[in-house]
Amino acid sequence: MSSFGSPSDSLEQALIEEYSIVERPEKKKKLGLLFWICVGWIGLNVIGAVFASVLPLQNPLYENFSAINLGPSLHHLFGTDDLGRDIFARVTYGARVSIAVGTGAMVIGFGIGAPLGMLAAHRRGRFDAILTTVMYVLLAFPAIIATIAVLSFWTPRSLLKIILVIGIASVPLVYRVIRTATLNVATKDYIIAAKVQGATDRRILMKELLPNIAPVGISFLLIGVATVVTLEGALAFLGLSVNPPTPSWGNMINEARTVLAMNPWLVLFPSAALCFFLLCLNFIGDRLRSHFDVTEVKL
Amino acid sequence: MSEKLLVVKDLSTTFATAGGPLPAVGGVSFDLGENETIGIVGESGSGKTVLSRTIMGLQPRTNVTVTGSAQIDGFEVVGASENEKRKIWGTEVAMIFQDPMTSLNPVMRIGKQIDESLRVRLGMSKADAKARAIELLELVGIPSPTERYSAYPGQLSGGMRQRVVIAIALACSPKLLMADEPTTGLDVTIQAQILNLLDELRGRLKMSVILVTHDLGVVATRTSRIIVMYAGRIVETGTTRDVFYHHRMPYTRALLESSPKVSNHSHTRLITIPGRPPNLLKLSDGCSFAPRCKFATDQCHLVRPELQPSVEPGHSFACWNPLPVNQNEATT
Amino acid sequence: MLRYVAKRLVLLFGIVFVISVGSFYLIHLLPGNPATVILGFGASPEAKAALYRQLGLAHPIYLQYFTWISNVVRGNLGTSFISQTSVAGTIRAALPIDLEIIVLSQILAFATAIPAAMRSAKRPDGPVDRLLGASSFTLLSIPPFIIIVLMVLFISIKLGVPHTGPSSYVSFASDPLGNLASLSLPSITLAIGSFVVYYRILRSDLISTLQEEFITMARSKGLSQRRIMWSHAFRPSSVALLGAAGVNIGGLLAAGFVVQYLLAIPGLGYTLITAINMSDFLLVQGIVLTVSVGVVVINFLFDFIINMVDPRISRE
């Protein structure tokens with residue numbers, strides 16, 4: 001009983017064209033409850049990360065050797081690690097690194113890549129041709145390997161350097177996405193009309209193009225943050241991110257793997273924190289993308 | 001007339017759309033004898049494409065309801081499963097699609113697209129299938145068929161592609177050939193070539209043909225009978241001669257007047273049909289052509305006319321205020 | 001076609017040049033005198049002199065690059081000052097493990113993603129499609145280093161499957177089956193990541209291909225659904241899939257690093273991380289160069305495969 005017949009089968013397409021008068025009622029697009037739950041979760045993470053030092057949490061660095069490798073309890077919600085540190089506090093503080101790297105790198109990536117992409121798509125010509133070729137060459141270079149390479153040589157590592165390296169590595173990708181999105185809009189009649197009427201570049205870029213590509217930008221930004229957070233996690237797992245004892249989700253998982261058999265809680269909580277965070281970001285990004293009906297953008 | 005190859009009875013196709021049920025074809029009945037060509041004519045939106053695909057059972061399988069009956073050589077298409085229909089597709093009935101630019105697989109060599117039917121449906125060996133495919137290419141008038149055999153569709157012109165589509169349709173020698181606007185996507189000079197080819201092949205291969213078109217000029221000399229459709233229903237049917245010269249339905253006349261004729265003086269203004277085809281989602285109970293018809297009365301707007309026989313045998317029309325008999329010869 | 005190839009080749013050389021300059025310059029990112037950083041403060045003057053000669057540090061930087069690249073082209077990536085072994089030799093020993101993991105993972109990923117995508121595309125928004133869609137979306141959000149940790153936890157530790165735990169790598173020469181077992185978790189981990197990408201791309205392309213008129217035409221020939229799917233819909237739908245596979249290789253290597261690191265499988269990734277921790281910078285440089293050039297060349301090859309699959313591309 002399987003079939004190829006989707007509602008928009010070729011015949012119905014033909015039908016819609018044949019009966020061009022058939023009005024398709026505008027589908028009321030709703031973001032849905034799940035979307036708002038995800039937004040709430042991300043919000044909670046951000047609040048936890050920002051106010052971690054004010055919140056009634058235990059000291060994430062305090063080692064209590066009389067309470068090591070404890071399971072979850074009322075006193076230690078997520079239990080303790082092999083040095084007796086409170087996992088709940090460490091997971092909350094760990095969000096700081098992920099969120100700082102995620103947003104910081106994307107601020108750099110968008111700060112450089114987005115204006116260049118918009119300008120190239122708006123100006124076209126030689127400026128666009130040269131810049132695009134350069135970006136495509138850089139894009140062919142595997143960014144993850146470049147990041148690992150630079151971070152392993154550029155010692156001592158710090159949060160700022162990590163943000164900088166990942167941020168710069170993301171520029172070509174942001175450039176490509178924004179340039180494509182801008183090109184789609186820039187060739188529309190109303191932009192051409194604005195150009196013909198002699199609107200200034202600045203005006204066209206800020207008032208006409210920016211609002212139109214903003215939806216693409218925002219959904220890509222969220223998915224980009226998720227990608228960077230994953231990357232930071234992998235770097236931390238390899239010991240190439242912030243140095244212990246500063247907690248990050250990635251280095252917590254890395255530390256926990258040595259006592260995996262003894263204390264599985266240790267790996268489960270930071271893993272779950274990271275996965276839920278990524279899932280929510282991806283979901284929000286994906287939902288926004290389909291909400292704004294963007295199909296061009298692929299990460 | 002001998003055995004009927006195709007018998008269609010009260011066939012209806014309704015699509016479930018976001019805006020409600022859309023009756024694309026409603027209550028169509030006709031039949032077709034062996035080695036006969038029938039023309040289905042109507043504006044775009046008249047349901048002729050849907051009708052031809054429904055007869056073949058090629059409608060999408062979701063969100064569509066088909067009722068009535070369509071029997072091809074005794075095989076009931078309506079209600080048959082995809083697996084059952086597959087047995088008659090290609091061998092009993094085949095279709096020539098409208099646009100040769102989209103109906104050929106762009107990444108498959110044309111030889112393989114013909115071979116495939118022969119090998120899968122007729123169980124031919126690879127070598128036999130290739131020989132037969134080249135024969136078919138030659139039959140549809142493709143020069144140097146052996147070289148063309150391994151060409152991709154993108155390397156051929158539109159006319160050549162349509163010839164390939166015809167070759168594919170003919171591969172398993174179907175008894176019934178459905179040609180859905182076979183020349184719409186082609187240049188005018190190529191159109192006549194393709195139509196003549198179809199006509200010639202029908203005679204040679206003893207097929208029946210359903211020629212679906214919006215262009216009355218196409219069907220004028222090539223069909224024995226014509227069905228005129230409007231808003232998914234038959235509004236007039238009869239022999240080609242009756243439809244051209246003794247038509248009773250105002251829509252048929254409008255359609256004839258709106259198509260250019262060689263016999264017209266140059267600079268003759270073509271008469272267009274006012275208004276637009278109706279929205280099938282919002283059909284009234286009356287005659288669907290009434291809003292565009294200059295003879296329409298209150299009755300036309302309220303009650304739909306059924307097909308009724310005219311004076312000539314086999315000629316019928318659906319109209320409350322038909323054109324008088326034998327008054328039309330003057331106008332055409 | 002020839003023009004297309006020529007254009008791509010020029011681009012390839014450009015990219016390889018950029019990569020070589022980048023890899024070369026890595027040494028100069030080190031704070032302080034490279035010789036001191038590489039050899040440590042306690043190094044003998046002879047060793048420093050040897051390093052100076054090897055890297056040509058006395059010359060201006062473009063000459064240093066020239067010396068370096070002419071050695072690299074001849075397959076000489078230098079000698080590690082930590083282990084006193086040839087960098088190229090170390091890489092040659094580790095590389096086959098990475099290739100084996102990648103090949104295994106790609107076989108797994110394609111063998112699952114293609115049928116799953118076809119199943120989904122048959123009935124978009126049907127129950128199977130929704131289930132596959134939701135699970136692939138969830139998998140998309142689980143980083144490979146978490147997948148591998150969880151698999152080690154449940155498969156190697158809880159179930160005790162032999163050869164799958166950390167530091168239990170078995171070479172192919174000594175025990176082929178054990179080798180397969182010891183690379184199974186890494187391969188599955190990488191396969192999961194690839195599956196998600198391939199499934200999503202192929203599904204959406206198949207759905208749009210199945211709406212094409214030539215599919216209806218194939219149906220009207222009386223072909224079976226399976227045949228239509230494989231011989232008519234799959235090939236025109238696989239261009240983006242192949243493109244993604246090409247791009248994915250870079251990510252696979254990086255994910256492979258993480259997995260090897262956890263399980264102490266002596267592939268390039270494990271070697272790289274160990275080299276980083278031991279400040280064996282020449283080895284790091286060699287691995288980075290090898291991997292980057294490898295990724296770019298693989299991308300380049302995929303471009304050709306795509307061209308062969310869809311003859312429309314080079315004609316455009």
# chains A, B, ... in the order shown; residues from 1 in each chain; ligands from 1
>>> interface_residues(of="chain B", to="chain A", cutoff="7 Å", atoms="only C-alpha atoms", output="PyMOL selection string")
chain B and resi 18-19+44-45+59-63+279
>>> closest_atom_pairs(of="chain B", to="chain C", cutoff="8 Å", atoms="only C-alpha atoms", output="CSV")
residue,atom,partner,partner_atom,distance
B:Leu58,CA,C:Ser220,CA,7.0
B:Asn83,CA,C:Ser224,CA,7.9
B:Lys85,CA,C:Gly222,CA,7.7
B:Arg86,CA,C:Gly222,CA,4.4
B:Lys87,CA,C:Gly222,CA,6.5
B:Ile88,CA,C:Gly222,CA,7.3
B:Trp89,CA,C:Gly222,CA,4.8
B:Gly90,CA,C:Lys221,CA,4.6
B:Ala94,CA,C:Ser220,CA,6.5
B:Met95,CA,C:Ser220,CA,6.8
B:Phe97,CA,C:Met217,CA,7.4
B:Thr102,CA,C:Glu213,CA,5.7
B:Ser103,CA,C:Phe214,CA,4.0
B:Leu104,CA,C:Phe214,CA,5.1
B:Asn105,CA,C:Phe214,CA,5.5
B:Pro106,CA,C:Arg312,CA,7.7
B:Val107,CA,C:Asp310,CA,5.8
B:Met108,CA,C:His232,CA,7.9
B:Ser117,CA,C:Lys221,CA,6.3
B:Val120,CA,C:Leu223,CA,7.3
B:Arg121,CA,C:Gly222,CA,7.4
B:Gly154,CA,C:Arg312,CA,7.5
B:Ala169,CA,C:Lys221,CA,7.5
>>> write_last_selection(atoms="N, CA and C atoms", output="mmCIF file, in the first residue's frame")
data_model
loop_
_atom_site.group_PDB
_atom_site.id
_atom_site.type_symbol
_atom_site.label_atom_id
_atom_site.label_comp_id
_atom_site.auth_asym_id
_atom_site.auth_seq_id
_atom_site.Cartn_x
_atom_site.Cartn_y
_atom_site.Cartn_z
ATOM 1 N N LEU B 58 -3.632 6.792 -13.876
ATOM 2 C CA LEU B 58 -2.329 7.359 -13.539
ATOM 3 C C LEU B 58 -2.435 8.576 -12.610
ATOM 4 N N ASN B 83 -0.474 -2.393 -8.665
ATOM 5 C CA ASN B 83 0.126 -3.608 -9.225
ATOM 6 C C ASN B 83 -0.695 -4.166 -10.380
ATOM 7 N N LYS B 85 -2.803 -2.381 -12.293
ATOM 8 C CA LYS B 85 -2.764 -1.436 -13.413
ATOM 9 C C LYS B 85 -1.450 -1.535 -14.174
ATOM 10 N N ARG B 86 -0.389 -1.853 -13.404
ATOM 11 C CA ARG B 86 0.932 -1.943 -14.023
ATOM 12 C C ARG B 86 0.937 -2.953 -15.176
ATOM 13 N N LYS B 87 0.053 -3.976 -15.071
ATOM 14 C CA LYS B 87 0.040 -5.002 -16.105
ATOM 15 C C LYS B 87 -0.480 -4.474 -17.438
ATOM 16 N N ILE B 88 -1.328 -3.441 -17.381
ATOM 17 C CA ILE B 88 -1.831 -2.922 -18.666
ATOM 18 C C ILE B 88 -1.047 -1.693 -19.127
ATOM 19 N N TRP B 89 -0.333 -1.059 -18.192
ATOM 20 C CA TRP B 89 0.425 0.125 -18.591
ATOM 21 C C TRP B 89 1.565 -0.266 -19.510
ATOM 22 N N GLY B 90 1.670 0.395 -20.613
ATOM 23 C CA GLY B 90 2.741 0.101 -21.556
ATOM 24 C C GLY B 90 2.311 -0.897 -22.601
ATOM 25 N N ALA B 94 -0.713 3.350 -23.377
ATOM 26 C CA ALA B 94 0.508 4.111 -23.107
ATOM 27 C C ALA B 94 0.210 5.585 -23.307
ATOM 28 N N MET B 95 1.051 6.428 -22.717
ATOM 29 C CA MET B 95 0.769 7.852 -22.805
ATOM 30 C C MET B 95 1.945 8.632 -23.373
ATOM 31 N N PHE B 97 3.437 12.226 -23.179
ATOM 32 C CA PHE B 97 3.271 13.360 -22.270
ATOM 33 C C PHE B 97 3.448 14.679 -23.008
ATOM 34 N N THR B 102 10.440 17.717 -19.860
ATOM 35 C CA THR B 102 10.398 17.215 -18.492
ATOM 36 C C THR B 102 10.024 15.743 -18.402
ATOM 37 N N SER B 103 9.521 15.160 -19.508
ATOM 38 C CA SER B 103 9.023 13.796 -19.361
ATOM 39 C C SER B 103 10.094 12.739 -19.628
ATOM 40 N N LEU B 104 11.267 13.166 -20.076
ATOM 41 C CA LEU B 104 12.361 12.202 -20.215
ATOM 42 C C LEU B 104 13.309 12.365 -19.040
ATOM 43 N N ASN B 105 13.818 11.238 -18.556
ATOM 44 C CA ASN B 105 14.777 11.280 -17.452
ATOM 45 C C ASN B 105 16.083 11.901 -17.950
ATOM 46 N N PRO B 106 16.472 13.055 -17.382
ATOM 47 C CA PRO B 106 17.619 13.789 -17.928
ATOM 48 C C PRO B 106 18.957 13.099 -17.734
ATOM 49 N N VAL B 107 19.047 12.155 -16.787
ATOM 50 C CA VAL B 107 20.345 11.544 -16.537
ATOM 51 C C VAL B 107 20.391 10.088 -17.002
ATOM 52 N N MET B 108 19.458 9.725 -17.895
ATOM 53 C CA MET B 108 19.475 8.351 -18.400
ATOM 54 C C MET B 108 19.554 8.425 -19.921
ATOM 55 N N SER B 117 11.509 -0.656 -20.944
ATOM 56 C CA SER B 117 10.170 -1.224 -21.099
ATOM 57 C C SER B 117 10.265 -2.595 -21.743
ATOM 58 N N VAL B 120 11.882 -5.131 -19.164
ATOM 59 C CA VAL B 120 11.086 -5.408 -17.972
ATOM 60 C C VAL B 120 9.715 -5.967 -18.326
ATOM 61 N N ARG B 121 9.076 -5.346 -19.310
ATOM 62 C CA ARG B 121 7.698 -5.734 -19.610
ATOM 63 C C ARG B 121 7.616 -6.924 -20.549
ATOM 64 N N GLY B 154 19.293 15.740 -23.010
ATOM 65 C CA GLY B 154 19.763 17.117 -23.150
ATOM 66 C C GLY B 154 20.485 17.379 -24.452
ATOM 67 N N ALA B 169 6.490 5.228 -25.786
ATOM 68 C CA ALA B 169 5.079 4.864 -25.648
ATOM 69 C C ALA B 169 4.745 3.668 -26.540
#
>>> closest_residue(among="C:Trp68, C:Phe154, C:Phe145, C:Tyr62", to="A:Cys275", atoms="only C-alpha atoms")
C:Phe145
>>> select_by_dssp(residues="stretch 241-273 of chain A", states="alpha helix (DSSP H)", output="JSON, numbers by chain")
{"A": [249, 250, 251, 252, 253, 254, 255, 256, 265, 266, 267, 268, 269, 270, 271, 272, 273]}
>>> interface_residues(of="chain C", to="chain A", cutoff="7 Å", atoms="only C-alpha atoms", output="number ranges by chain")
C: 15, 26, 29-30, 122-124, 138, 141-143, 145-146, 153, 157, 210-213, 250, 254, 258, 276, 288, 292, 296
>>> residues_around(residues="B:Ile273", least_positions_apart="3", cutoff="9 Å", atoms="only C-alpha atoms", output="list in words")
Tyr251, Ala254, Leu255, Glu257, Ser258, Arg276, Arg292 and Cys293 of chain B
>>> residues_around(residues="stretch 76-79 of chain B", least_positions_apart="4", cutoff="7 Å", atoms="only C-alpha atoms", output="list in words")
Met56, Gly57, Val66, Thr67, Ser69, Ala70, Gln71, Ile72 and Lys85 of chain B
>>> residues_around(residues="B:Ala220", least_positions_apart="2", cutoff="10 Å", atoms="only C-alpha atoms", output="list in words")
Gly39, Asp215, Leu216, Gly217, Val218, Arg222, Thr223, Ser224, Arg225, Ile226, Thr240, Arg241, Val243 and Phe244 of chain B
>>> closest_residue(among="C:Met151, C:Ala121, C:Ile107, C:Ala264", to="C:Pro166", atoms="only C-alpha atoms")
C:Ala264
>>> closest_residue(among="A:Ile284, A:Met135, A:Val177, A:Ala121", to="A:Leu209", atoms="only C-alpha atoms")
A:Ala121
>>> atom_distance(atom1="atom CA of C:Thr67", atom2="atom CA of C:Arg53")
10.2 Å
>>> residues_around(residues="A:Met118", least_positions_apart="6", cutoff="12 Å", atoms="only C-alpha atoms", output="number ranges by chain")
A: 110-112, 124, 127-128, 131-132, 174-186, 201-202, 204-206, 208-214, 217
